[in-house]
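Engineer: Right, I'll just put the structure down here and ask away after.
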Amino acid sequence: MKKIITITILIIILVSLNWFKTVYAADLSQLSSQQKQKLLKKYQGSNSQQEGNYYKSADFYNQEDADLTSDATLSQDSDQQESAFTIQQNEQDESKLELSEELQTPFDELKPFGMELFTHIDDNAGQPTDISSSNDYILGPGDNIIIYLWGRVEKEFNLTIDREGKIFIPQVGNVVVWGLSLENFIQKAENSFSKVYSDFQLTASLGKIRSIRIFVAGEVQRPGAYTVSSLTSLLNALYLAGGPSERGTMRSIKLKRQGKTISEVDLYKLLLEGDNSTDLHLESGDVVFVPVAGPQVAIRGEIRREAIYELQGSETAMELLTLAGNATPEAHLERVSLERISDQSEWKVIDLNLKDANSPTEKTIMKAGDRITVFSIFEAKQNIVAVFGQVKHAGFFERKNDSHVSDLVIQAKLQPYDVYFERADLFRRHPDKRIEIISINLENIINGDRTTDILLQDKDSLHIYSIGEIEWERFVYIEGEVKNPGRYPLYDNMTAEDLIFLSGSYTRSAQRQRVEVARLDENAEISLMYIGINNNEADMFKLTEDDHLYVRQIPEWDESRTITIEGAVKYPGTYTIADQSETLHELLIRCGGFTQNAFPKGIIFERTSINENLNRLRVGDVIKRSNPVKHDSLGSLVEETKVDYDSLSMNRIIIDMDKIIASNGGDGNIVLEANDQIFIPIIPSGISIIGAVGSNGTLKFSKGLSVKDYIKRAGNFTKQADKKQTRLIRATGEVISGGGINGEQVAIGDVIIVPTKIDKERNLMKTFSSALSAATGVLTSVYIIGKL
């Protein structure tokens with residue numbers, strides 16, 4: 001049987017592995033080469049981050065020193081090797097400088113120019129309602145026209161153009177108005193009315209205008225059919241459709257009417273010149289079509305508008321610069337980087353000179369996919385050196401032919417504190433892009449040692465460290481009875497008294513005779529020392545790194561040594577325990593003794609520390625692990641609860657109050673603890689009987705009666721009563737059960753409990769049927785296995 005199960009599992013694993021391999025290979029085959037390359041770069045990037053190599057203050061100049069030759073073709077491998085060095089940030093954040101490539105906006109984050117026009121659109125942007133200014137509005141079926149006549153005749157006509165494009169004017173007749181502007185209609189109406197009336201004036205205005213059905217298609221955010229007012233223009237329709245998508249053109253949006261293109265709109269004219277003369281009103285059935293964008297180029301850096309721009313023809317690099325809002329005053333136009341995909345499908349970089357009008361590169365024609373970067377003039381620094389770190393004047397300084405490290409230190413001025421003199425680092429960048437680190441001993445240079453005072457080279461960078469950057473921080477620790485225990489810096493000549501003072505000094509419960517110090521030596525061994533406080537020994541004791549000082553608590557200190565007594569006593573309330581040996585009897589004397597209706601025998605004494613101690617011993621877990629486990633009908637493991645454990649119910653202590661009172665506290669007494677809860681009940685009404693008896697309730701107490709007598713008074717046992725399990729709970733909390741319980745005499749305040757008998761159902765036919773089914777199943781399984 002085990003062999004069969006093992007073989008089946010192996011077959012399932014092999015089938016799953018084969019399926020996973022097939023699906024995984026299919027998913028990889030669907031990736032484009034560009035996606036695979038991105039995945040490879042991401043993997044390589046994550047590995048390079050794990051290596052943790054970095055350069056500090058090493059490469060903060062522009063790419064002018066990258067020796068990129070014009071039209072230089074770079075392979076894919078070299079592209080991966082052209083990584084920008086990043087300077088790590090120190091505590092003052094003064095040495096954070098990066099290559100110009102890192103300072104630029106990534107090309108992937110650039111958006112097509114003009115997309116922001118449709119970013120925030122009002123709900124009514126595509127529904128124009130300005131009728132009063134629409135003299136060029138073309139009338140059509142469904143429009144409502146209101147005509148006013150005054151002079152020798154005063155009349156008002158409210159007319160609607162019918163489906164044939166006509167209106168009917170009383171005494172004038174039908175007038176064809178379809179296709180007329182409102183202004184032309186007024187002229188035609190005057191001519192028509194002059195045949196009937198004379199000496200009159202006429203005005204006309206639009207009432208309710210008609211709705212038209214238009215279509216917006218192509219590369220828009222929400223293509224589809226729209227029902228709009230007849231005042232809607234092409235731009236209104238674009239707003240309704242959310243504008244062109246990132247794939248859509250912004251420069252050749254077509255208006256089609258009856259299958260013919262009647263207008264092309266260049267949104268760049270609107271965005272750059274404010275020209276909306278090509279924004280025509282739409283007619284029913286018109287189609288606004290947005291084709292796929294034409295050739296696009298990206299430009300970033302020191303320009304007014306970083307974006308992706310769409311080309312219309314043979315724009316040059318200078319014309320693209322104009323589209324982008326021209327360069328900023330900081331732009332370094334003598335070297336503008338053009339990245340291009342060559343005809344051989346290779347990536348190359350071309351340096352353009354856009355400052356010189358006679359430069360041949362200024363006329364360079366832009367191609368689809370070109371990417372241009374305009375660097376800052378401040379990134380093209382020459383004859384400079386830099387210093388960062390613990391100096392007053394961090395930054396760049398002029399380098400002269402005889403400039404040494406000492407000259408740079410004098411110019412930058414060292415900080416008067418927190419300077420690590422044993423070593424500073426000079427980062428030197430070579431023409432072949434190697435970065436060399438040269439260690440400098442500042443102390444020797446300050447003392448005039450010329451052998452270590454290195455002559456500076458162009459673009460050298462000096463980093464002066466703080467002591468905290470090099471040396472680890474040193475701490476001491478204090479725990480126990482102080483206001484602010486924890487970790488504190490180790491200061492020079494710091495004493496135990498200093499640490500106690502820094503921690504807020506002692507608490508009220510602190511033991512001030514001596515403190516304990518645990519010291520860790522160089523061999524990782526711990527030694528314990530004790531320091532006297534009263535003899536000023538703590539003020540003389542010098543601390544060392546990682547010392548742990550402990551201020552102990554006064555023995556048996558407890559600020560909340562209180563107990564609560566409630567019920568039938570003369571002065572109930574909260575009491576403070578006078579000393580560690582105070583007893584219950586002494587407390588009863590303090591609270592004035594019992595009242596007249598008190599029932600001392602039924603005292604309820606609860607001690608919260610019992611529950612806490614049981615929880616520390618994990619008694620509940622022990623009981624739970626001791627419960628038997630069995631299989632249910634479904635084969636699942638089920639835990640049977642044999643013991644109902646409630647730790648809170650364990651807090652009550654059974655006390656024989658009669659014995660304590662009779663012996664005047666000499667016998668049966670109990671020593672009090674903090675947080676004890678005591679309740680003295682009043683004299684109970686009688687005897688309570690609960691369970692499987694004729695009537696549950698409380699019966700009047702009669703001296704000398706037994707359990708059996710009270711059960712008879714309550715209607716005797718019921719048929720379901722489990723007589724053998726009858727229990728008598730005394731007022732003191734004791735429980736009596738077992739043989740002879742019925743003859744036990746009952747005292748006032750006692751409770752009788754008669755549990756219900758639990759009968760087990762016995763169905764022999766059902767048991768036999770279940771056994772037969774199980775046996776049949778086993779035999780069938782054995783037969784099948786045998787055949788296999």
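FYI, nothing fancy with the structure tokens labels: chains A, B, ... in order, residues from 1 per chain, ligands from 1 as they appear.
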So that I can check the surroundings of A:Asp492, please list as number ranges by chain every protein, DNA and RNA residue that reaches within 10 Å of it, counting only C-alpha atoms and ignoring chain neighbours fewer than 3 positions away.
Structural biologist: A: 489, 495, 542-544
Engineer: I need the residues from that last selection saved to file as a compact mmCIF listing (two decimals), in the first residue's frame (with N, CA and C atoms), if you can.
Structural biologist:
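Result written to result17.txt:
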```txt
# COMPACT_ATOMS: atom_id res chain seq x y z
N PRO A 489 25.10 58.31 26.28
CA PRO A 489 26.47 58.40 25.73
C PRO A 489 27.49 58.41 26.85
N THR A 495 31.31 59.67 35.60
CA THR A 495 31.25 58.86 36.81
C THR A 495 29.87 58.24 36.96
N LYS A 542 34.81 55.90 37.98
CA LYS A 542 34.83 56.22 36.55
C LYS A 542 34.18 55.09 35.75
N LEU A 543 33.28 55.45 34.85
CA LEU A 543 32.62 54.46 34.01
C LEU A 543 33.44 54.21 32.75
N THR A 544 33.29 52.99 32.22
CA THR A 544 33.90 52.64 30.94
C THR A 544 32.80 52.20 29.98
```
Engineer: Skipping near chain neighbours, those fewer than 2 positions away, what residues fall within 8 Å of stretch 676-685 of chain A using only C-alpha atoms, listed as an mmCIF file with N, CA and C atoms, in the first residue's frame?
Structural biologist:
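The result, written out as out_27.cif:
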```cif
data_model
loop_
_atom_site.group_PDB
_atom_site.id
_atom_site.type_symbol
_atom_site.label_atom_id
_atom_site.label_comp_id
_atom_site.auth_asym_id
_atom_site.auth_seq_id
_atom_site.Cartn_x
_atom_site.Cartn_y
_atom_site.Cartn_z
ATOM 1 N N THR A 562 -3.017 47.894 49.552
ATOM 2 C CA THR A 562 -4.383 48.136 50.018
ATOM 3 C C THR A 562 -5.237 46.906 49.788
ATOM 4 N N ILE A 563 -6.291 46.796 50.613
ATOM 5 C CA ILE A 563 -7.296 45.749 50.447
ATOM 6 C C ILE A 563 -8.659 46.421 50.502
ATOM 7 N N THR A 564 -9.698 45.710 50.033
ATOM 8 C CA THR A 564 -11.057 46.247 50.023
ATOM 9 C C THR A 564 -11.971 45.295 50.777
ATOM 10 N N ILE A 565 -12.759 45.851 51.669
ATOM 11 C CA ILE A 565 -13.747 45.057 52.398
ATOM 12 C C ILE A 565 -15.107 45.717 52.209
ATOM 13 N N GLU A 566 -16.077 44.933 51.773
ATOM 14 C CA GLU A 566 -17.414 45.426 51.484
ATOM 15 C C GLU A 566 -18.435 44.558 52.195
ATOM 16 N N GLY A 567 -19.689 45.049 52.200
ATOM 17 C CA GLY A 567 -20.775 44.261 52.744
ATOM 18 C C GLY A 567 -21.159 44.671 54.153
ATOM 19 N N ALA A 568 -21.493 43.673 54.948
ATOM 20 C CA ALA A 568 -22.099 43.912 56.257
ATOM 21 C C ALA A 568 -21.045 44.132 57.338
ATOM 22 N N VAL A 569 -20.239 45.195 57.192
ATOM 23 C CA VAL A 569 -19.334 45.658 58.244
ATOM 24 C C VAL A 569 -19.659 47.122 58.494
ATOM 25 N N ASN A 597 -27.037 42.459 60.953
ATOM 26 C CA ASN A 597 -27.579 41.487 59.989
ATOM 27 C C ASN A 597 -26.480 40.781 59.202
ATOM 28 N N ALA A 598 -25.242 40.826 59.672
ATOM 29 C CA ALA A 598 -24.114 40.204 58.960
ATOM 30 C C ALA A 598 -24.188 38.690 59.056
ATOM 31 N N PHE A 599 -23.686 38.051 58.036
ATOM 32 C CA PHE A 599 -23.612 36.582 57.980
ATOM 33 C C PHE A 599 -22.134 36.216 57.791
ATOM 34 N N PRO A 600 -21.318 36.243 58.853
ATOM 35 C CA PRO A 600 -19.861 36.023 58.739
ATOM 36 C C PRO A 600 -19.498 34.673 58.142
ATOM 37 N N GLY A 602 -20.698 33.206 55.679
ATOM 38 C CA GLY A 602 -20.691 33.229 54.216
ATOM 39 C C GLY A 602 -19.656 34.181 53.622
ATOM 40 N N ILE A 603 -18.624 34.505 54.364
ATOM 41 C CA ILE A 603 -17.604 35.434 53.886
ATOM 42 C C ILE A 603 -17.020 34.968 52.536
ATOM 43 N N ILE A 604 -16.858 35.928 51.640
ATOM 44 C CA ILE A 604 -16.213 35.652 50.337
ATOM 45 C C ILE A 604 -14.871 36.376 50.321
ATOM 46 N N PHE A 605 -13.813 35.617 50.345
ATOM 47 C CA PHE A 605 -12.455 36.167 50.413
ATOM 48 C C PHE A 605 -11.738 35.799 49.100
ATOM 49 N N GLU A 606 -11.396 36.811 48.279
ATOM 50 C CA GLU A 606 -10.747 36.577 46.982
ATOM 51 C C GLU A 606 -9.356 37.205 46.967
ATOM 52 N N ARG A 607 -8.411 36.450 46.477
ATOM 53 C CA ARG A 607 -7.007 36.898 46.392
ATOM 54 C C ARG A 607 -6.557 36.826 44.926
ATOM 55 N N THR A 608 -6.336 37.999 44.322
ATOM 56 C CA THR A 608 -5.994 38.075 42.893
ATOM 57 C C THR A 608 -4.643 37.450 42.578
ATOM 58 N N LEU A 672 -3.116 38.984 55.463
ATOM 59 C CA LEU A 672 -3.608 39.727 54.309
ATOM 60 C C LEU A 672 -2.498 40.005 53.285
ATOM 61 N N GLU A 673 -2.915 40.128 52.022
ATOM 62 C CA GLU A 673 -2.019 40.541 50.946
ATOM 63 C C GLU A 673 -2.628 41.731 50.225
ATOM 64 N N ALA A 674 -1.777 42.485 49.510
ATOM 65 C CA ALA A 674 -2.262 43.618 48.733
ATOM 66 C C ALA A 674 -3.276 43.150 47.691
ATOM 67 N N ILE A 687 -32.781 28.411 52.114
ATOM 68 C CA ILE A 687 -31.989 27.391 51.441
ATOM 69 C C ILE A 687 -32.387 27.380 49.964
ATOM 70 N N THR A 698 -35.956 29.061 46.532
ATOM 71 C CA THR A 698 -35.362 29.209 47.864
ATOM 72 C C THR A 698 -36.433 28.890 48.893
ATOM 73 N N LYS A 700 -37.609 28.339 53.022
ATOM 74 C CA LYS A 700 -37.316 28.875 54.339
ATOM 75 C C LYS A 700 -36.524 27.867 55.153
ATOM 76 N N PHE A 701 -35.519 28.389 55.877
ATOM 77 C CA PHE A 701 -34.637 27.514 56.654
ATOM 78 C C PHE A 701 -35.344 27.004 57.898
ATOM 79 N N ILE A 748 -28.197 27.288 57.312
ATOM 80 C CA ILE A 748 -28.704 28.454 56.607
ATOM 81 C C ILE A 748 -27.649 28.984 55.623
ATOM 82 N N GLY A 749 -28.108 29.354 54.417
ATOM 83 C CA GLY A 749 -27.197 29.866 53.386
ATOM 84 C C GLY A 749 -26.662 28.797 52.467
#
```
Engineer: Can you pull out every residue within 12 Å of A:Trp472, counting only C-alpha atoms, but drop anything in the same chain fewer than 6 positions away, and send it as a ChimeraX atom specification?
Structural biologist: /A:466,489-490,545
Engineer: Given only C-alpha atoms as the basis, pick out the residue of A:Thr726, A:Thr756, A:Thr718, A:Ser192 nearest to A:Asn742.
Structural biologist: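 Going through A:Thr726, A:Thr756, A:Thr718, A:Ser192 one by one, the smallest distance to A:Asn742 is for A:Thr726.
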Engineer: Hey, what's within 9 Å of A:Lys719 if we count only C-alpha atoms and toss same-chain stuff fewer than 6 positions away? As a PyMOL selection string, please?
Structural biologist: chain A and resi 692-693+756-757
Engineer: Generate a file of the selected residues that holds N, CA and C atoms, formatted as a compact mmCIF listing (two decimals), in the first residue's frame.
Structural biologist:
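Now in out.txt:
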```
# COMPACT_ATOMS: atom_id res chain seq x y z
N ALA A 692 -32.70 19.26 38.97
CA ALA A 692 -33.76 18.34 38.54
C ALA A 692 -34.68 17.98 39.70
N VAL A 693 -35.38 18.99 40.19
CA VAL A 693 -36.39 18.78 41.22
C VAL A 693 -37.69 19.37 40.72
N THR A 756 -28.86 16.80 36.17
CA THR A 756 -29.70 15.99 35.29
C THR A 756 -28.90 14.81 34.77
N LYS A 757 -29.53 13.65 34.71
CA LYS A 757 -28.86 12.45 34.24
C LYS A 757 -28.73 12.50 32.72
```
Engineer: Please return, as a tab-separated table (two decimals) with N, CA, C and O atoms, in the first residue's frame, all residues of stretch 473-603 of chain A that DSSP assigns to strand (DSSP E or B) on the basis of the backbone.
Structural biologist:
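Output below, filename result_28.tsv:
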```
chain	number	residue	atom	x	y	z
A	475	PHE	N	28.59	53.94	24.72
A	475	PHE	CA	27.43	54.14	25.58
A	475	PHE	C	27.62	53.44	26.92
A	475	PHE	O	28.42	52.50	27.05
A	476	VAL	N	26.85	53.91	27.91
A	476	VAL	CA	26.69	53.22	29.19
A	476	VAL	C	25.20	53.08	29.45
A	476	VAL	O	24.38	53.77	28.82
A	477	TYR	N	24.84	52.22	30.37
A	477	TYR	CA	23.43	51.87	30.57
A	477	TYR	C	23.11	51.94	32.06
A	477	TYR	O	23.95	51.63	32.92
A	478	ILE	N	21.88	52.34	32.36
A	478	ILE	CA	21.40	52.37	33.74
A	478	ILE	C	19.99	51.80	33.77
A	478	ILE	O	19.15	52.12	32.92
A	479	GLU	N	19.74	50.93	34.71
A	479	GLU	CA	18.44	50.27	34.85
A	479	GLU	C	18.01	50.33	36.31
A	479	GLU	O	18.82	50.57	37.21
A	480	GLY	N	16.71	50.11	36.52
A	480	GLY	CA	16.21	50.02	37.88
A	480	GLY	C	15.47	51.26	38.31
A	480	GLY	O	14.78	51.92	37.52
A	482	VAL	N	15.41	54.48	38.69
A	482	VAL	CA	15.70	55.87	38.31
A	482	VAL	C	14.56	56.34	37.40
A	482	VAL	O	13.82	55.53	36.85
A	486	GLY	N	17.84	53.60	30.82
A	486	GLY	CA	18.12	53.39	29.40
A	486	GLY	C	19.58	53.59	29.06
A	486	GLY	O	20.47	53.48	29.92
A	487	ARG	N	19.82	53.91	27.76
A	487	ARG	CA	21.19	54.05	27.25
A	487	ARG	C	21.58	55.53	27.20
A	487	ARG	O	20.78	56.36	26.79
A	488	TYR	N	22.84	55.81	27.59
A	488	TYR	CA	23.34	57.19	27.58
A	488	TYR	C	24.74	57.21	26.98
A	488	TYR	O	25.51	56.24	27.13
A	489	PRO	N	25.10	58.31	26.28
A	489	PRO	CA	26.47	58.40	25.73
A	489	PRO	C	27.49	58.41	26.85
A	489	PRO	O	27.26	58.95	27.94
A	495	THR	N	31.31	59.67	35.60
A	495	THR	CA	31.25	58.86	36.81
A	495	THR	C	29.87	58.24	36.96
A	495	THR	O	28.93	58.60	36.25
A	506	TYR	N	17.11	59.34	41.42
A	506	TYR	CA	16.42	58.18	41.96
A	506	TYR	C	14.90	58.36	41.98
A	506	TYR	O	14.39	59.47	41.99
A	510	ALA	N	13.92	53.74	45.44
A	510	ALA	CA	15.30	53.31	45.19
A	510	ALA	C	16.02	53.02	46.50
A	510	ALA	O	15.90	53.76	47.48
A	514	ARG	N	23.70	51.43	48.05
A	514	ARG	CA	24.72	51.01	47.09
A	514	ARG	C	24.06	50.69	45.76
A	514	ARG	O	22.85	50.45	45.69
A	515	VAL	N	24.87	50.73	44.71
A	515	VAL	CA	24.41	50.34	43.37
A	515	VAL	C	25.35	49.28	42.82
A	515	VAL	O	26.50	49.14	43.26
A	516	GLU	N	24.84	48.54	41.85
A	516	GLU	CA	25.62	47.45	41.26
A	516	GLU	C	26.07	47.84	39.85
A	516	GLU	O	25.29	48.40	39.07
A	517	VAL	N	27.32	47.55	39.50
A	517	VAL	CA	27.87	47.83	38.17
A	517	VAL	C	28.37	46.53	37.57
A	517	VAL	O	29.16	45.81	38.19
A	518	ALA	N	27.88	46.22	36.36
A	518	ALA	CA	28.36	45.05	35.61
A	518	ALA	C	29.25	45.57	34.48
A	518	ALA	O	28.81	46.38	33.65
A	519	ARG	N	30.50	45.11	34.44
A	519	ARG	CA	31.47	45.61	33.46
A	519	ARG	C	31.93	44.48	32.54
A	519	ARG	O	32.28	43.38	33.00
A	520	LEU	N	31.91	44.76	31.24
A	520	LEU	CA	32.35	43.81	30.23
A	520	LEU	C	33.76	44.18	29.80
A	520	LEU	O	34.00	45.29	29.29
A	526	ILE	N	32.47	39.23	32.35
A	526	ILE	CA	31.73	40.22	33.12
A	526	ILE	C	32.16	40.16	34.58
A	526	ILE	O	32.24	39.09	35.19
A	527	SER	N	32.44	41.33	35.12
A	527	SER	CA	32.79	41.44	36.53
A	527	SER	C	31.77	42.35	37.21
A	527	SER	O	31.32	43.33	36.63
A	528	LEU	N	31.38	42.00	38.45
A	528	LEU	CA	30.39	42.77	39.20
A	528	LEU	C	31.07	43.58	40.28
A	528	LEU	O	31.97	43.09	40.98
A	529	MET	N	30.66	44.84	40.40
A	529	MET	CA	31.22	45.74	41.41
A	529	MET	C	30.06	46.45	42.11
A	529	MET	O	29.03	46.72	41.49
A	530	TYR	N	30.29	46.77	43.37
A	530	TYR	CA	29.27	47.46	44.16
A	530	TYR	C	29.84	48.77	44.69
A	530	TYR	O	30.96	48.82	45.21
A	531	ILE	N	29.05	49.84	44.52
A	531	ILE	CA	29.52	51.18	44.84
A	531	ILE	C	28.64	51.75	45.94
A	531	ILE	O	27.41	51.74	45.83
A	532	GLY	N	29.27	52.28	46.98
A	532	GLY	CA	28.53	52.95	48.03
A	532	GLY	C	28.08	54.33	47.58
A	532	GLY	O	28.79	55.03	46.85
A	542	LYS	N	34.81	55.90	37.98
A	542	LYS	CA	34.83	56.22	36.55
A	542	LYS	C	34.18	55.09	35.75
A	542	LYS	O	34.51	53.91	35.95
A	548	HIS	N	27.01	48.61	32.79
A	548	HIS	CA	25.59	48.55	33.13
A	548	HIS	C	25.45	48.81	34.63
A	548	HIS	O	25.99	48.05	35.45
A	549	LEU	N	24.74	49.88	34.97
A	549	LEU	CA	24.57	50.26	36.37
A	549	LEU	C	23.13	49.95	36.78
A	549	LEU	O	22.19	50.32	36.08
A	550	TYR	N	22.98	49.27	37.92
A	550	TYR	CA	21.66	48.86	38.40
A	550	TYR	C	21.38	49.49	39.75
A	550	TYR	O	22.18	49.35	40.70
A	551	VAL	N	20.25	50.20	39.86
A	551	VAL	CA	19.79	50.77	41.13
A	551	VAL	C	18.62	49.90	41.60
A	551	VAL	O	17.56	49.87	40.96
A	553	GLN	N	15.59	48.18	44.12
A	553	GLN	CA	14.44	48.67	44.87
A	553	GLN	C	14.56	48.28	46.34
A	553	GLN	O	15.15	47.26	46.69
A	562	THR	N	-3.02	47.89	49.55
A	562	THR	CA	-4.38	48.14	50.02
A	562	THR	C	-5.24	46.91	49.79
A	562	THR	O	-4.97	46.09	48.91
A	563	ILE	N	-6.29	46.80	50.61
A	563	ILE	CA	-7.30	45.75	50.45
A	563	ILE	C	-8.66	46.42	50.50
A	563	ILE	O	-8.80	47.56	50.96
A	564	THR	N	-9.70	45.71	50.03
A	564	THR	CA	-11.06	46.25	50.02
A	564	THR	C	-11.97	45.29	50.78
A	564	THR	O	-11.94	44.08	50.55
A	565	ILE	N	-12.76	45.85	51.67
A	565	ILE	CA	-13.75	45.06	52.40
A	565	ILE	C	-15.11	45.72	52.21
A	565	ILE	O	-15.28	46.92	52.39
A	566	GLU	N	-16.08	44.93	51.77
A	566	GLU	CA	-17.41	45.43	51.48
A	566	GLU	C	-18.43	44.56	52.20
A	566	GLU	O	-18.13	43.48	52.71
A	567	GLY	N	-19.69	45.05	52.20
A	567	GLY	CA	-20.77	44.26	52.74
A	567	GLY	C	-21.16	44.67	54.15
A	567	GLY	O	-21.11	45.85	54.54
A	569	VAL	N	-20.24	45.19	57.19
A	569	VAL	CA	-19.33	45.66	58.24
A	569	VAL	C	-19.66	47.12	58.49
A	569	VAL	O	-20.25	47.81	57.66
A	573	GLY	N	-14.88	49.69	52.92
A	573	GLY	CA	-14.07	50.57	52.08
A	573	GLY	C	-12.69	49.98	51.83
A	573	GLY	O	-12.46	48.78	52.00
A	574	THR	N	-11.76	50.87	51.45
A	574	THR	CA	-10.39	50.47	51.14
A	574	THR	C	-9.49	50.77	52.32
A	574	THR	O	-9.54	51.89	52.89
A	575	TYR	N	-8.64	49.83	52.66
A	575	TYR	CA	-7.74	49.97	53.82
A	575	TYR	C	-6.31	49.68	53.37
A	575	TYR	O	-6.08	48.81	52.51
A	576	THR	N	-5.39	50.40	53.94
A	576	THR	CA	-3.96	50.15	53.70
A	576	THR	C	-3.47	49.16	54.73
A	576	THR	O	-3.73	49.32	55.94
A	583	THR	N	-3.55	40.54	59.84
A	583	THR	CA	-4.43	39.41	59.55
A	583	THR	C	-5.85	39.88	59.29
A	583	THR	O	-6.20	41.05	59.49
A	594	PHE	N	-18.75	43.46	62.60
A	594	PHE	CA	-19.90	43.16	61.76
A	594	PHE	C	-21.11	43.99	62.16
A	594	PHE	O	-21.23	44.47	63.29
A	598	ALA	N	-25.24	40.83	59.67
A	598	ALA	CA	-24.11	40.20	58.96
A	598	ALA	C	-24.19	38.69	59.06
A	598	ALA	O	-24.65	38.13	60.04
```
Engineer: Using only C-alpha atoms, which residue out of A:Glu559, A:Asp521, A:Asp275, A:Asp286 lies closest to A:Arg257?
Structural biologist: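 Result for the nearest residue to A:Arg257: A:Asp286.
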Engineer: Among stretch 190-410 of chain A, which ones does DSSP place in alpha helix (DSSP H), written as a PyMOL selection string?
Structural biologist: chain A and resi 190-194+234-240+267-273+317-323+405-410
Engineer: Need the shell around A:Asn669: protein/DNA/RNA residues with any atom at most 7 Å away, counting only C-alpha atoms. Skip same-chain ones fewer than 6 positions apart. Format as a list in words?
Structural biologist: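 Here the qualifying residues turn out to be Thr583, Leu584, His585 and Ile660 of chain A.
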Engineer: With all heavy atoms kept, could you save the residues just selected as a PDB file, in the first residue's frame?
Structural biologist:
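Below is the file that was written, part_2.pdb:
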```pdb
ATOM      1  N   THR A 583      -3.553  40.541  59.843  1.00  0.00           N
ATOM      2  CA  THR A 583      -4.431  39.413  59.552  1.00  0.00           C
ATOM      3  C   THR A 583      -5.851  39.882  59.293  1.00  0.00           C
ATOM      4  O   THR A 583      -6.196  41.054  59.491  1.00  0.00           O
ATOM      5  CB  THR A 583      -4.434  38.418  60.720  1.00  0.00           C
ATOM      6  OG1 THR A 583      -4.984  39.069  61.882  1.00  0.00           O
ATOM      7  CG2 THR A 583      -3.025  37.923  61.020  1.00  0.00           C
ATOM      8  N   LEU A 584      -6.687  38.929  58.847  1.00  0.00           N
ATOM      9  CA  LEU A 584      -8.089  39.210  58.588  1.00  0.00           C
ATOM     10  C   LEU A 584      -8.792  39.646  59.857  1.00  0.00           C
ATOM     11  O   LEU A 584      -9.609  40.578  59.846  1.00  0.00           O
ATOM     12  CB  LEU A 584      -8.748  37.962  57.988  1.00  0.00           C
ATOM     13  CG  LEU A 584     -10.264  38.025  57.800  1.00  0.00           C
ATOM     14  CD1 LEU A 584     -10.655  39.148  56.845  1.00  0.00           C
ATOM     15  CD2 LEU A 584     -10.785  36.680  57.278  1.00  0.00           C
ATOM     16  N   HIS A 585      -8.495  38.996  60.981  1.00  0.00           N
ATOM     17  CA  HIS A 585      -9.156  39.330  62.243  1.00  0.00           C
ATOM     18  C   HIS A 585      -8.825  40.760  62.650  1.00  0.00           C
ATOM     19  O   HIS A 585      -9.706  41.509  63.114  1.00  0.00           O
ATOM     20  CB  HIS A 585      -8.727  38.324  63.330  1.00  0.00           C
ATOM     21  CG  HIS A 585      -9.452  38.516  64.627  1.00  0.00           C
ATOM     22  ND1 HIS A 585      -8.943  39.277  65.658  1.00  0.00           N
ATOM     23  CD2 HIS A 585     -10.676  38.057  65.061  1.00  0.00           C
ATOM     24  CE1 HIS A 585      -9.781  39.283  66.660  1.00  0.00           C
ATOM     25  NE2 HIS A 585     -10.866  38.542  66.326  1.00  0.00           N
ATOM     26  N   ILE A 660     -12.450  31.448  63.485  1.00  0.00           N
ATOM     27  CA  ILE A 660     -11.641  32.654  63.736  1.00  0.00           C
ATOM     28  C   ILE A 660     -12.264  33.472  64.854  1.00  0.00           C
ATOM     29  O   ILE A 660     -11.579  33.959  65.769  1.00  0.00           O
ATOM     30  CB  ILE A 660     -11.523  33.488  62.451  1.00  0.00           C
ATOM     31  CG1 ILE A 660     -10.742  32.720  61.400  1.00  0.00           C
ATOM     32  CG2 ILE A 660     -10.863  34.825  62.727  1.00  0.00           C
ATOM     33  CD1 ILE A 660     -10.673  33.417  60.058  1.00  0.00           C
TER      34      ILE A 660
END
```
